[in-house]
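One structure is given here, and the rest of the page talks about it.
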Amino acid sequence: MGSVSNGASELRCGGAAEANSDDHKFEKKVEYLNSKNEFPKLAKIVNGEYGYTLEDVPHLCDYIPHLPTYTNPLQHNLAYSAVRQYFVDYDDTVAQKIVVHKDTPRGTHFRRAGPRQRVYFESDDVRACIVTCGGLCPGLNTVIREIVCGLHHMYGVKRVLGIDGGYRGFYAKNTISLTPNSVNNIHKRGGTILGTSRGGHDTKKIVDSIQDRGINQVYIIGGDGTQKGAAVIFEEIRRRGLKVAVAGIPKTIDNDIPVIDKSFGFDSAVEEAERAINAAHVEATSFENGIGLVKLMGRYSGFIAMYATIASRDVDCCLIPESPFYLEGRGGLFEYIEKRIKENGHMVIVIAEGAGQELLTESLRSANKEDASGNKLLQDVGLWISQKIKDHFSKQRKTAVNLKYIDPTYMIRAIPSNASDNVYCTLLAQSAVHGAMAGYTGFTVGPVNGRHAYIPFHRINERQNKVVITDRMWARLLSSFLE
Ligand SMILES: Nc1ncnc2c1ncn2[C@@H]1O[C@H](COP(=O)(O)OP(=O)(O)OP(=O)(O)O)[C@@H](O)[C@H]1O
Ligand SMILES: O=P(O)(O)OC[C@H]1O[C@](O)(CO)[C@@H](O)[C@@H]1O
Ligand SMILES: [Mg+2]
C-alpha cells in the first residue's frame with residue numbers, strides 16, 4: 001500500500017483500503033507541499049512515468065488512521081447491477097490536458113469521480129448537510145435534490161439537513177430536514193429552497209455547529225468565494241481530526257471557476273440571455289438608426305456575453321471585462337457605432353456588467369465599495385454607456401439614434417435550469433456523494449474534458465477563469481461581426 005509523507009510522519013494513503021500493490025502502475029510518491037509542521041495546506045502530488053502527475057485530493061485516512069471500510073451498498077443495487085464496470089478503479093485519473101503531442105509529458109491528472117468498491121461510512125451513521133452560498137444560479141435546486149436522492153437511493157442515507165441561508169445559517173438558523181419526498185419537485189423551480197447569502201463566513205462557529213450537530217458529510221454549493229470558504233472549513237475540520245467529509249460543488253453563471261469544463265447553470269443562463277438579445281434586435285430593427293443594448297452578468301469574466309453573442313448572430317459588438325475599450329476617437333466605440341449604423345441601419349450591443357469599469361469609476365469618481373463577501377460593487381455600466389451613446393449622437397447631430405436598453409441581469413439567473421443543465425447537475429451531485437462516501441474530502445467535483453473528477457480546493461481557488469481574447473473562441477466572435 002502507498003504511503004503519504006508530510007515530512008514528519010507516515011500516514012495511510014487515502015483510498016488505500018481498495019488499493020493493493022498491483023494497482024499502481026506508476027511510481028508512487030505522495031508529498032505534502034507547504035510542509036510546515038503545523039497542518040500545512042494539503043497538496044498531494046503523485047508522480048508517475050513519462051511526466052505523469054496526479055494532483056490528488058485529501059482522504060479521511062490521511063489524518064485518521066485505521067478507519068474501517070464497508071462494502072458499497074451499490075453492489076446490491078438492481079439498477080446498477082447490469083453496468084459492466086460500475087465501480088471506478090482506484091488508479092483511474094482524468095487528464096487535464098487532452099491535446100498532446102508524441103513527445104510531451106503526460107501532465108497533470110485528477111482523481112476520477114465515481115463510486116468505489118469500499119466506502120468509509122455506514123449508511124445509518126451518515127448525517128449529511130447541504131448549504132448554498134453566493135448568488136443564484138439555475139440548477140441549484142437540482143443539485144440539492146440529487147444529493148438528497150443520491151444519498152437516499154444509492155447509499156440508504158436517511159438523515160440529510162439543509163442549512164438555511166448560506167454559511168451564516170450554520171450558526172444563526174435552524175436546519176431544514178430534507179427527504180426525497182420534500183425535494184421531489186424542486187428542480188422545476190429557480191433559486192434555492194435553502195436560501196443563500198453573502199458574507200457571514202465564521203469558520204470556528206461553522207465547524208462548531210458541524211461538530212455539535214454530529215454532521216459527518218458537508219456538501220457546499222457555491223462559486224469561487226464559497227469554495228474558498230469550503231477550503232477553510234475543511235482545514236479546520238482536519239485540524240480538529242474530525243471524521244467529516246467536505247465536498248464542494250462549483251456554482252456560478254459567470255463560469256469563472258478554473259479547471260472544470262464549465263459550471264452548471266451557465267447553459268441555461270446563456271439561453272435566457274438569448275431572449276433578451278432577440279428583443280433588443282427586434283427593437284433595433286424596428287426603428288430608424290435603432291440600437292439595442294443588453295447588459296449581462298459577468299463581473300470579472302465575460303463568458304455569458306461571449307457565448308450569448310456567438311449563439312445569437314444578431315450582435316454587432318460585445319464588450320467584456322477582459323477586452324478594454326474606449327469611446328472617443330479612432331478605433332473607439334462611437335466610431336464603430338457610426339459605421340455599423342451607416343452600413344446596416346441598426347445595431348445590437350452586448351455588454352458584460354464588469355466591462356469598462358475603469359472608464360466609469362474615473363468619470364463617476366466612485367468609492368471602492370464591496371458587498372458582504374468582499375466582492376467589488378460595480379457601477380451600472382449599461383445605464384452609463386446608454387447615456388454616453390445618446391449624448392454623443394445628440395451632440396453630433398448628424399445621426400439621431402434610437403437606443404433601447406435592456407437589463408435582464410437577474411432574470412437570467414433566477415430561472416430553473418434547462419434539460420441539459422439538469423442532467424449535468426445530477427452527475428455533479430452523484431459524483432460528490434460517491435466521493436464523500438468513499439472518504440475523499442477537501443475536494444470540488446467537476447468535469448475535466450468531459451470526465452467528472454475530484455479536484456483539490458487549492459486548484460480551484462488559485463485563480464479565476466477568464467475569457468482569453470487570444471484564443472480561437474474570441475476570434476470566432478470577432479469574425480461573426482464581419483459576416
Ligand atoms: N476567502 C474566503 N474565505 C472564506 N469564506 C469566503 C471567502 N470568500 C468568500 N467567502 C464566503 O463564501 C460565501 C459566498 O461568497 P461570494 O458571495 O463571493 O459568492 P460566490 O460563492 O463567489 O458565488 P458567486 O460569485 O457566483 O455569486 C460568503 O458567505 C462568503 O463569506
Ligand atoms: O446582486 P448580487 O446578488 O450580489 O449578485 C450579483 C453578482 O452575482 C453573479 O451573478 C455571480 O457572481 C455576478 O454575475 C453578479 O455580479
Ligand atoms: Mg464569486
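In the C-alpha cells, chains take letters A, B, ... by order of appearance, with residues numbered from 1 within each chain and ligands from 1 in the order shown.
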Sorted by chain and rising residue number, which residues of chain A lie within 10 Å of ligand 1, and what are their closest atom pairs and distances in Å to one decimal, counting only C-alpha atoms and all ligand atoms, as JSON lines?
{"residue": "A:Thr132", "atom": "CA", "partner": "ligand 1", "partner_atom_place_in_ligand_line": "14 (C)", "distance": 8.5}
{"residue": "A:Cys133", "atom": "CA", "partner": "ligand 1", "partner_atom_place_in_ligand_line": "14 (C)", "distance": 4.9}
{"residue": "A:Gly134", "atom": "CA", "partner": "ligand 1", "partner_atom_place_in_ligand_line": "19 (O)", "distance": 3.4}
{"residue": "A:Gly135", "atom": "CA", "partner": "ligand 1", "partner_atom_place_in_ligand_line": "27 (O)", "distance": 3.4}
{"residue": "A:Leu136", "atom": "CA", "partner": "ligand 1", "partner_atom_place_in_ligand_line": "27 (O)", "distance": 6.5}
{"residue": "A:Cys137", "atom": "CA", "partner": "ligand 1", "partner_atom_place_in_ligand_line": "26 (O)", "distance": 7.6}
{"residue": "A:Gly165", "atom": "CA", "partner": "ligand 1", "partner_atom_place_in_ligand_line": "29 (O)", "distance": 9.3}
{"residue": "A:Gly166", "atom": "CA", "partner": "ligand 1", "partner_atom_place_in_ligand_line": "29 (O)", "distance": 6.2}
{"residue": "A:Tyr167", "atom": "CA", "partner": "ligand 1", "partner_atom_place_in_ligand_line": "29 (O)", "distance": 5.2}
{"residue": "A:Arg168", "atom": "CA", "partner": "ligand 1", "partner_atom_place_in_ligand_line": "29 (O)", "distance": 7.0}
{"residue": "A:Gly169", "atom": "CA", "partner": "ligand 1", "partner_atom_place_in_ligand_line": "29 (O)", "distance": 9.7}
{"residue": "A:Thr196", "atom": "CA", "partner": "ligand 1", "partner_atom_place_in_ligand_line": "29 (O)", "distance": 8.3}
{"residue": "A:Ser197", "atom": "CA", "partner": "ligand 1", "partner_atom_place_in_ligand_line": "29 (O)", "distance": 6.0}
{"residue": "A:Arg198", "atom": "CA", "partner": "ligand 1", "partner_atom_place_in_ligand_line": "17 (O)", "distance": 4.0}
{"residue": "A:Gly199", "atom": "CA", "partner": "ligand 1", "partner_atom_place_in_ligand_line": "31 (O)", "distance": 3.2}
{"residue": "A:Gly200", "atom": "CA", "partner": "ligand 1", "partner_atom_place_in_ligand_line": "31 (O)", "distance": 4.9}
{"residue": "A:His201", "atom": "CA", "partner": "ligand 1", "partner_atom_place_in_ligand_line": "31 (O)", "distance": 4.2}
{"residue": "A:Asp202", "atom": "CA", "partner": "ligand 1", "partner_atom_place_in_ligand_line": "5 (N)", "distance": 7.8}
{"residue": "A:Thr203", "atom": "CA", "partner": "ligand 1", "partner_atom_place_in_ligand_line": "4 (C)", "distance": 7.6}
{"residue": "A:Ile220", "atom": "CA", "partner": "ligand 1", "partner_atom_place_in_ligand_line": "21 (O)", "distance": 9.7}
{"residue": "A:Ile221", "atom": "CA", "partner": "ligand 1", "partner_atom_place_in_ligand_line": "21 (O)", "distance": 8.0}
{"residue": "A:Gly222", "atom": "CA", "partner": "ligand 1", "partner_atom_place_in_ligand_line": "21 (O)", "distance": 4.4}
{"residue": "A:Gly223", "atom": "CA", "partner": "ligand 1", "partner_atom_place_in_ligand_line": "21 (O)", "distance": 3.2}
{"residue": "A:Asp224", "atom": "CA", "partner": "ligand 1", "partner_atom_place_in_ligand_line": "22 (O)", "distance": 4.1}
{"residue": "A:Gly225", "atom": "CA", "partner": "ligand 1", "partner_atom_place_in_ligand_line": "9 (C)", "distance": 3.4}
{"residue": "A:Thr226", "atom": "CA", "partner": "ligand 1", "partner_atom_place_in_ligand_line": "12 (O)", "distance": 3.5}
{"residue": "A:Gln227", "atom": "CA", "partner": "ligand 1", "partner_atom_place_in_ligand_line": "21 (O)", "distance": 6.5}
{"residue": "A:Lys228", "atom": "CA", "partner": "ligand 1", "partner_atom_place_in_ligand_line": "2 (C)", "distance": 4.8}
{"residue": "A:Gly229", "atom": "CA", "partner": "ligand 1", "partner_atom_place_in_ligand_line": "5 (N)", "distance": 3.4}
{"residue": "A:Ala230", "atom": "CA", "partner": "ligand 1", "partner_atom_place_in_ligand_line": "5 (N)", "distance": 7.2}
{"residue": "A:Ala231", "atom": "CA", "partner": "ligand 1", "partner_atom_place_in_ligand_line": "4 (C)", "distance": 7.8}
{"residue": "A:Val232", "atom": "CA", "partner": "ligand 1", "partner_atom_place_in_ligand_line": "4 (C)", "distance": 6.4}
{"residue": "A:Ile233", "atom": "CA", "partner": "ligand 1", "partner_atom_place_in_ligand_line": "4 (C)", "distance": 8.2}
{"residue": "A:Pro250", "atom": "CA", "partner": "ligand 1", "partner_atom_place_in_ligand_line": "21 (O)", "distance": 8.3}
{"residue": "A:Lys251", "atom": "CA", "partner": "ligand 1", "partner_atom_place_in_ligand_line": "26 (O)", "distance": 6.1}
{"residue": "A:Thr252", "atom": "CA", "partner": "ligand 1", "partner_atom_place_in_ligand_line": "26 (O)", "distance": 4.0}
{"residue": "A:Ile253", "atom": "CA", "partner": "ligand 1", "partner_atom_place_in_ligand_line": "26 (O)", "distance": 6.5}
{"residue": "A:Asp254", "atom": "CA", "partner": "ligand 1", "partner_atom_place_in_ligand_line": "26 (O)", "distance": 6.6}
{"residue": "A:Asn255", "atom": "CA", "partner": "ligand 1", "partner_atom_place_in_ligand_line": "26 (O)", "distance": 8.3}
{"residue": "A:Asp256", "atom": "CA", "partner": "ligand 1", "partner_atom_place_in_ligand_line": "26 (O)", "distance": 8.2}
{"residue": "A:Ile257", "atom": "CA", "partner": "ligand 1", "partner_atom_place_in_ligand_line": "26 (O)", "distance": 9.0}
{"residue": "A:Ser263", "atom": "CA", "partner": "ligand 1", "partner_atom_place_in_ligand_line": "26 (O)", "distance": 9.9}
{"residue": "A:Gly298", "atom": "CA", "partner": "ligand 1", "partner_atom_place_in_ligand_line": "25 (O)", "distance": 9.3}
{"residue": "A:Arg299", "atom": "CA", "partner": "ligand 1", "partner_atom_place_in_ligand_line": "25 (O)", "distance": 8.5}
{"residue": "A:Tyr300", "atom": "CA", "partner": "ligand 1", "partner_atom_place_in_ligand_line": "25 (O)", "distance": 9.8}
{"residue": "A:Asp371", "atom": "CA", "partner": "ligand 1", "partner_atom_place_in_ligand_line": "17 (O)", "distance": 7.7}
{"residue": "A:Ala372", "atom": "CA", "partner": "ligand 1", "partner_atom_place_in_ligand_line": "31 (O)", "distance": 6.9}
{"residue": "A:Ser373", "atom": "CA", "partner": "ligand 1", "partner_atom_place_in_ligand_line": "30 (C)", "distance": 4.5}
{"residue": "A:Gly374", "atom": "CA", "partner": "ligand 1", "partner_atom_place_in_ligand_line": "18 (O)", "distance": 6.8}
{"residue": "A:Asn375", "atom": "CA", "partner": "ligand 1", "partner_atom_place_in_ligand_line": "18 (O)", "distance": 6.0}
{"residue": "A:Lys376", "atom": "CA", "partner": "ligand 1", "partner_atom_place_in_ligand_line": "18 (O)", "distance": 9.6}
{"residue": "A:Asn461", "atom": "CA", "partner": "ligand 1", "partner_atom_place_in_ligand_line": "1 (N)", "distance": 8.9}
### Task
Write out as a ChimeraX atom specification which residues come within 6 Å of Ile260 (chain A) when counting only C-alpha atoms, dropping same-chain ones fewer than 2 positions away.
/A:258,262,446-448
Let me see the file: selected residues, all heavy atoms, as a short mmCIF file (atom, residue, chain, number, x, y, z; two decimals), in the first residue's frame.
data_model
loop_
_atom_site.label_atom_id
_atom_site.label_comp_id
_atom_site.auth_asym_id
_atom_site.auth_seq_id
_atom_site.Cartn_x
_atom_site.Cartn_y
_atom_site.Cartn_z
N PRO A 258 -11.98 27.90 -12.50
CA PRO A 258 -11.00 27.29 -13.40
C PRO A 258 -11.05 25.76 -13.36
O PRO A 258 -11.78 25.19 -12.56
CB PRO A 258 -9.67 27.79 -12.83
CG PRO A 258 -9.92 27.99 -11.39
CD PRO A 258 -11.35 28.39 -11.25
N LYS A 262 -17.08 23.62 -17.58
CA LYS A 262 -17.98 24.78 -17.42
C LYS A 262 -18.82 24.55 -16.17
O LYS A 262 -18.91 23.42 -15.68
CB LYS A 262 -18.86 24.99 -18.64
CG LYS A 262 -19.96 23.99 -18.79
CD LYS A 262 -20.84 24.31 -19.97
CE LYS A 262 -21.67 23.07 -20.29
NZ LYS A 262 -22.37 23.12 -21.54
N GLY A 446 -16.13 18.19 -10.58
CA GLY A 446 -16.49 18.84 -11.84
C GLY A 446 -15.91 18.10 -13.03
O GLY A 446 -14.98 17.30 -12.88
N PRO A 447 -16.48 18.34 -14.22
CA PRO A 447 -15.98 17.66 -15.41
C PRO A 447 -14.70 18.31 -15.94
O PRO A 447 -14.60 19.52 -16.03
CB PRO A 447 -17.12 17.84 -16.42
CG PRO A 447 -17.84 19.07 -15.99
CD PRO A 447 -17.62 19.23 -14.51
N VAL A 448 -13.72 17.46 -16.23
CA VAL A 448 -12.47 17.92 -16.85
C VAL A 448 -12.38 17.15 -18.16
O VAL A 448 -12.27 15.92 -18.15
CB VAL A 448 -11.26 17.60 -15.93
CG1 VAL A 448 -9.96 18.03 -16.58
CG2 VAL A 448 -11.43 18.25 -14.56
#
If you run DSSP on the backbone here, which positions in region 337-402 of chain A get alpha helix (DSSP H)? Please write them as a short mmCIF file (atom, residue, chain, number, x, y, z; two decimals) with N, CA, C and O atoms, in the first residue's frame.
data_model
loop_
_atom_site.label_atom_id
_atom_site.label_comp_id
_atom_site.auth_asym_id
_atom_site.auth_seq_id
_atom_site.Cartn_x
_atom_site.Cartn_y
_atom_site.Cartn_z
N ILE A 337 -19.91 52.45 -33.87
CA ILE A 337 -21.38 52.53 -33.93
C ILE A 337 -21.79 53.30 -35.20
O ILE A 337 -22.69 52.86 -35.93
N GLU A 338 -21.13 54.43 -35.43
CA GLU A 338 -21.46 55.23 -36.63
C GLU A 338 -21.36 54.38 -37.88
O GLU A 338 -22.23 54.40 -38.75
N LYS A 339 -20.27 53.64 -37.98
CA LYS A 339 -20.02 52.80 -39.16
C LYS A 339 -21.12 51.75 -39.31
O LYS A 339 -21.67 51.57 -40.40
N ARG A 340 -21.43 51.09 -38.21
CA ARG A 340 -22.42 50.00 -38.27
C ARG A 340 -23.80 50.52 -38.64
O ARG A 340 -24.52 49.91 -39.43
N ILE A 341 -24.17 51.65 -38.05
CA ILE A 341 -25.49 52.24 -38.32
C ILE A 341 -25.57 52.64 -39.80
O ILE A 341 -26.59 52.45 -40.46
N LYS A 342 -24.47 53.19 -40.28
CA LYS A 342 -24.43 53.59 -41.70
C LYS A 342 -24.61 52.37 -42.61
O LYS A 342 -25.37 52.39 -43.57
N GLU A 343 -23.90 51.29 -42.27
CA GLU A 343 -23.95 50.09 -43.10
C GLU A 343 -25.29 49.37 -43.01
O GLU A 343 -25.84 48.90 -44.00
N ASN A 344 -25.82 49.20 -41.79
CA ASN A 344 -26.97 48.31 -41.56
C ASN A 344 -28.25 49.02 -41.15
O ASN A 344 -29.32 48.40 -41.13
N GLN A 357 -15.29 49.15 -16.55
CA GLN A 357 -15.46 49.74 -15.21
C GLN A 357 -14.41 50.82 -14.94
O GLN A 357 -14.66 51.76 -14.21
N GLU A 358 -13.23 50.66 -15.55
CA GLU A 358 -12.18 51.65 -15.29
C GLU A 358 -12.57 53.01 -15.88
O GLU A 358 -12.26 54.05 -15.29
N LEU A 359 -13.32 53.01 -16.98
CA LEU A 359 -13.77 54.28 -17.57
C LEU A 359 -14.79 54.93 -16.65
O LEU A 359 -14.78 56.13 -16.39
N LEU A 360 -15.67 54.09 -16.14
CA LEU A 360 -16.76 54.56 -15.32
C LEU A 360 -16.32 55.13 -13.98
O LEU A 360 -16.72 56.20 -13.58
N THR A 361 -15.48 54.39 -13.31
CA THR A 361 -15.09 54.83 -11.97
C THR A 361 -14.36 56.15 -12.06
O THR A 361 -14.50 57.00 -11.20
N GLU A 362 -13.62 56.32 -13.15
CA GLU A 362 -12.92 57.57 -13.34
C GLU A 362 -13.93 58.71 -13.44
O GLU A 362 -13.83 59.72 -12.75
N SER A 363 -14.95 58.48 -14.29
CA SER A 363 -15.87 59.58 -14.53
C SER A 363 -16.81 59.81 -13.34
O SER A 363 -17.22 60.92 -13.07
N LEU A 364 -17.18 58.72 -12.65
CA LEU A 364 -18.13 58.91 -11.54
C LEU A 364 -17.42 59.11 -10.20
O LEU A 364 -18.05 59.38 -9.20
N VAL A 381 -22.82 49.82 -15.71
CA VAL A 381 -22.18 50.18 -16.97
C VAL A 381 -23.21 50.32 -18.10
O VAL A 381 -23.01 51.11 -19.02
N GLY A 382 -24.32 49.60 -17.98
CA GLY A 382 -25.35 49.65 -19.03
C GLY A 382 -25.98 51.02 -19.11
O GLY A 382 -26.08 51.63 -20.20
N LEU A 383 -26.42 51.54 -17.96
CA LEU A 383 -27.03 52.87 -17.92
C LEU A 383 -26.03 53.93 -18.36
O LEU A 383 -26.34 54.83 -19.13
N TRP A 384 -24.81 53.78 -17.85
CA TRP A 384 -23.76 54.77 -18.16
C TRP A 384 -23.47 54.84 -19.65
O TRP A 384 -23.46 55.91 -20.25
N ILE A 385 -23.30 53.67 -20.26
CA ILE A 385 -22.93 53.66 -21.68
C ILE A 385 -24.12 54.09 -22.55
O ILE A 385 -23.93 54.76 -23.57
N SER A 386 -25.34 53.76 -22.13
CA SER A 386 -26.53 54.23 -22.88
C SER A 386 -26.52 55.74 -22.94
O SER A 386 -26.72 56.33 -24.01
N GLN A 387 -26.29 56.35 -21.78
CA GLN A 387 -26.30 57.81 -21.72
C GLN A 387 -25.18 58.40 -22.57
O GLN A 387 -25.37 59.38 -23.30
N LYS A 388 -24.01 57.78 -22.50
CA LYS A 388 -22.86 58.28 -23.27
C LYS A 388 -23.16 58.24 -24.77
O LYS A 388 -22.84 59.16 -25.51
N ILE A 389 -23.76 57.12 -25.22
CA ILE A 389 -24.05 56.97 -26.66
C ILE A 389 -25.09 58.02 -27.07
O ILE A 389 -24.94 58.72 -28.08
N LYS A 390 -26.14 58.15 -26.26
CA LYS A 390 -27.19 59.14 -26.57
C LYS A 390 -26.60 60.53 -26.64
O LYS A 390 -26.85 61.30 -27.58
N ASP A 391 -25.79 60.89 -25.63
CA ASP A 391 -25.18 62.23 -25.58
C ASP A 391 -24.31 62.46 -26.82
O ASP A 391 -24.37 63.52 -27.45
N HIS A 392 -23.51 61.47 -27.15
CA HIS A 392 -22.60 61.62 -28.28
C HIS A 392 -23.36 61.90 -29.56
O HIS A 392 -23.04 62.84 -30.30
N PHE A 393 -24.41 61.10 -29.82
CA PHE A 393 -25.10 61.25 -31.10
C PHE A 393 -26.01 62.48 -31.12
O PHE A 393 -26.25 63.05 -32.17
N SER A 394 -26.51 62.90 -29.97
CA SER A 394 -27.33 64.12 -30.00
C SER A 394 -26.43 65.35 -30.17
O SER A 394 -26.81 66.30 -30.84
N LYS A 395 -25.25 65.32 -29.61
CA LYS A 395 -24.30 66.44 -29.78
C LYS A 395 -23.87 66.53 -31.24
O LYS A 395 -23.76 67.59 -31.82
N GLN A 396 -23.64 65.37 -31.80
CA GLN A 396 -23.07 65.30 -33.12
C GLN A 396 -24.06 65.72 -34.23
O GLN A 396 -23.67 66.19 -35.28
#
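The closest residue to ligand 2, picked from A:Met473, A:Ala432, A:Ala284, A:Ala269 and counting only C-alpha atoms and all ligand atoms, is A:Ala269.
For Ile351 (chain A), the set of protein, DNA and RNA residues having any atom at most 9 Å away, when counting only C-alpha atoms and skipping those fewer than 4 positions along the same chain, is Leu293, Val294, Lys295, Leu296, Met297, Gly302, Ala305, Cys317, Cys318, Leu319, Ile320, Pro321, Ala355, Val381 and Gly382 of chain A.
CA of Val131 (chain A) sits 26.5 Å away from CA of Glu271 (chain A).
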### Query
Hey, what's within 12 Å of Arg240 (chain A) if we count only C-alpha atoms and toss same-chain stuff fewer than 6 positions away? As a PyMOL selection string, please?
chain A and resi 39+63-64+204+207-208+210-211+233-234
Emit the selected residues as an mmCIF file, in the first residue's frame, including N, CA, C and O atoms.
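result.cif, freshly written:
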data_model
loop_
_atom_site.group_PDB
_atom_site.id
_atom_site.type_symbol
_atom_site.label_atom_id
_atom_site.label_comp_id
_atom_site.auth_asym_id
_atom_site.auth_seq_id
_atom_site.Cartn_x
_atom_site.Cartn_y
_atom_site.Cartn_z
ATOM 1 N N PHE A 39 -0.167 21.557 10.384
ATOM 2 C CA PHE A 39 -1.179 21.372 9.369
ATOM 3 C C PHE A 39 -1.030 22.228 8.118
ATOM 4 O O PHE A 39 -1.702 23.233 7.958
ATOM 5 N N TYR A 63 -5.531 11.673 7.802
ATOM 6 C CA TYR A 63 -5.302 12.185 9.158
ATOM 7 C C TYR A 63 -6.020 11.387 10.252
ATOM 8 O O TYR A 63 -5.851 11.664 11.435
ATOM 9 N N ILE A 64 -6.839 10.399 9.845
ATOM 10 C CA ILE A 64 -7.421 9.490 10.852
ATOM 11 C C ILE A 64 -7.006 8.068 10.470
ATOM 12 O O ILE A 64 -7.574 7.485 9.537
ATOM 13 N N LYS A 204 -14.882 29.146 12.758
ATOM 14 C CA LYS A 204 -14.978 28.454 14.052
ATOM 15 C C LYS A 204 -16.437 28.094 14.371
ATOM 16 O O LYS A 204 -16.742 26.951 14.731
ATOM 17 N N VAL A 207 -17.716 25.263 12.059
ATOM 18 C CA VAL A 207 -17.225 23.909 12.384
ATOM 19 C C VAL A 207 -17.748 23.465 13.751
ATOM 20 O O VAL A 207 -18.056 22.290 13.948
ATOM 21 N N ASP A 208 -17.910 24.403 14.692
ATOM 22 C CA ASP A 208 -18.552 24.055 15.978
ATOM 23 C C ASP A 208 -19.939 23.478 15.719
ATOM 24 O O ASP A 208 -20.324 22.469 16.308
ATOM 25 N N ILE A 210 -21.087 22.108 12.964
ATOM 26 C CA ILE A 210 -20.972 20.791 12.307
ATOM 27 C C ILE A 210 -20.714 19.718 13.374
ATOM 28 O O ILE A 210 -21.354 18.658 13.398
ATOM 29 N N GLN A 211 -19.798 20.038 14.276
ATOM 30 C CA GLN A 211 -19.429 19.087 15.334
ATOM 31 C C GLN A 211 -20.613 18.856 16.294
ATOM 32 O O GLN A 211 -20.960 17.711 16.596
ATOM 33 N N ILE A 233 -13.029 25.615 5.881
ATOM 34 C CA ILE A 233 -13.814 24.702 6.739
ATOM 35 C C ILE A 233 -13.127 23.339 6.784
ATOM 36 O O ILE A 233 -12.948 22.741 7.843
ATOM 37 N N PHE A 234 -12.719 22.868 5.604
ATOM 38 C CA PHE A 234 -12.016 21.580 5.547
ATOM 39 C C PHE A 234 -10.743 21.604 6.402
ATOM 40 O O PHE A 234 -10.476 20.673 7.168
#
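Between Tyr219 (chain A) and the residues A:Arg112, A:Arg127, A:Arg463, A:His152, the shortest atom-to-atom distance, using only C-alpha atoms, involves A:Arg127.
Counting only C-alpha atoms and all ligand atoms, the residue from A:Trp474, A:Tyr86, A:Tyr440, A:Phe303 that sits nearest to ligand 2 is A:Phe303.
You will find CA of Gly354 (chain A) at 14.3 Å from CA of Lys369 (chain A).
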## Note on the structure
In terms of only C-alpha atoms, the residue from A:Ala276, A:Ile98, A:Val57, A:Leu161 at minimal distance from Met411 (chain A) is A:Ala276
#### Entry: Point-to-point distance from CA of Tyr171 (chain A) to CA of Val148 (chain A), Å rounded to tenths
21.7 Å
Contacts of Thr192 (chain A) at 6 Å (only C-alpha atoms; same-chain gap of 3+ positions) as a compact mmCIF listing (two decimals) with C-alpha atoms, in the first residue's frame:
# COMPACT_ATOMS: atom_id res chain seq x y z
CA LEU A 140 -29.17 24.93 -7.51
CA ASN A 141 -32.35 23.09 -6.60
CA GLY A 195 -31.84 30.29 0.67
Residue neighbourhood Ser417 (chain A), 7 Å, only C-alpha atoms, exclusion window fewer than 6 positions, as a PDB file with N, CA, C and O atoms, in the first residue's frame:
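Generated output (result-v1.pdb):
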ATOM      1  N   PRO A 138     -29.183  28.972 -12.122  1.00  0.00           N
ATOM      2  CA  PRO A 138     -30.106  27.892 -12.487  1.00  0.00           C
ATOM      3  C   PRO A 138     -29.484  26.533 -12.143  1.00  0.00           C
ATOM      4  O   PRO A 138     -28.313  26.303 -12.439  1.00  0.00           O
ATOM      5  N   GLY A 139     -30.266  25.678 -11.521  1.00  0.00           N
ATOM      6  CA  GLY A 139     -29.774  24.327 -11.222  1.00  0.00           C
ATOM      7  C   GLY A 139     -29.454  24.082  -9.758  1.00  0.00           C
ATOM      8  O   GLY A 139     -29.208  22.938  -9.362  1.00  0.00           O
ATOM      9  N   GLY A 265     -25.625  25.616 -14.882  1.00  0.00           N
ATOM     10  CA  GLY A 265     -26.472  26.820 -14.959  1.00  0.00           C
ATOM     11  C   GLY A 265     -26.006  27.777 -16.035  1.00  0.00           C
ATOM     12  O   GLY A 265     -26.762  28.659 -16.459  1.00  0.00           O
ATOM     13  N   SER A 268     -28.080  27.356 -19.239  1.00  0.00           N
ATOM     14  CA  SER A 268     -29.437  27.899 -19.049  1.00  0.00           C
ATOM     15  C   SER A 268     -29.398  29.416 -19.085  1.00  0.00           C
ATOM     16  O   SER A 268     -30.272  30.054 -19.689  1.00  0.00           O
TER      17      SER A 268
END
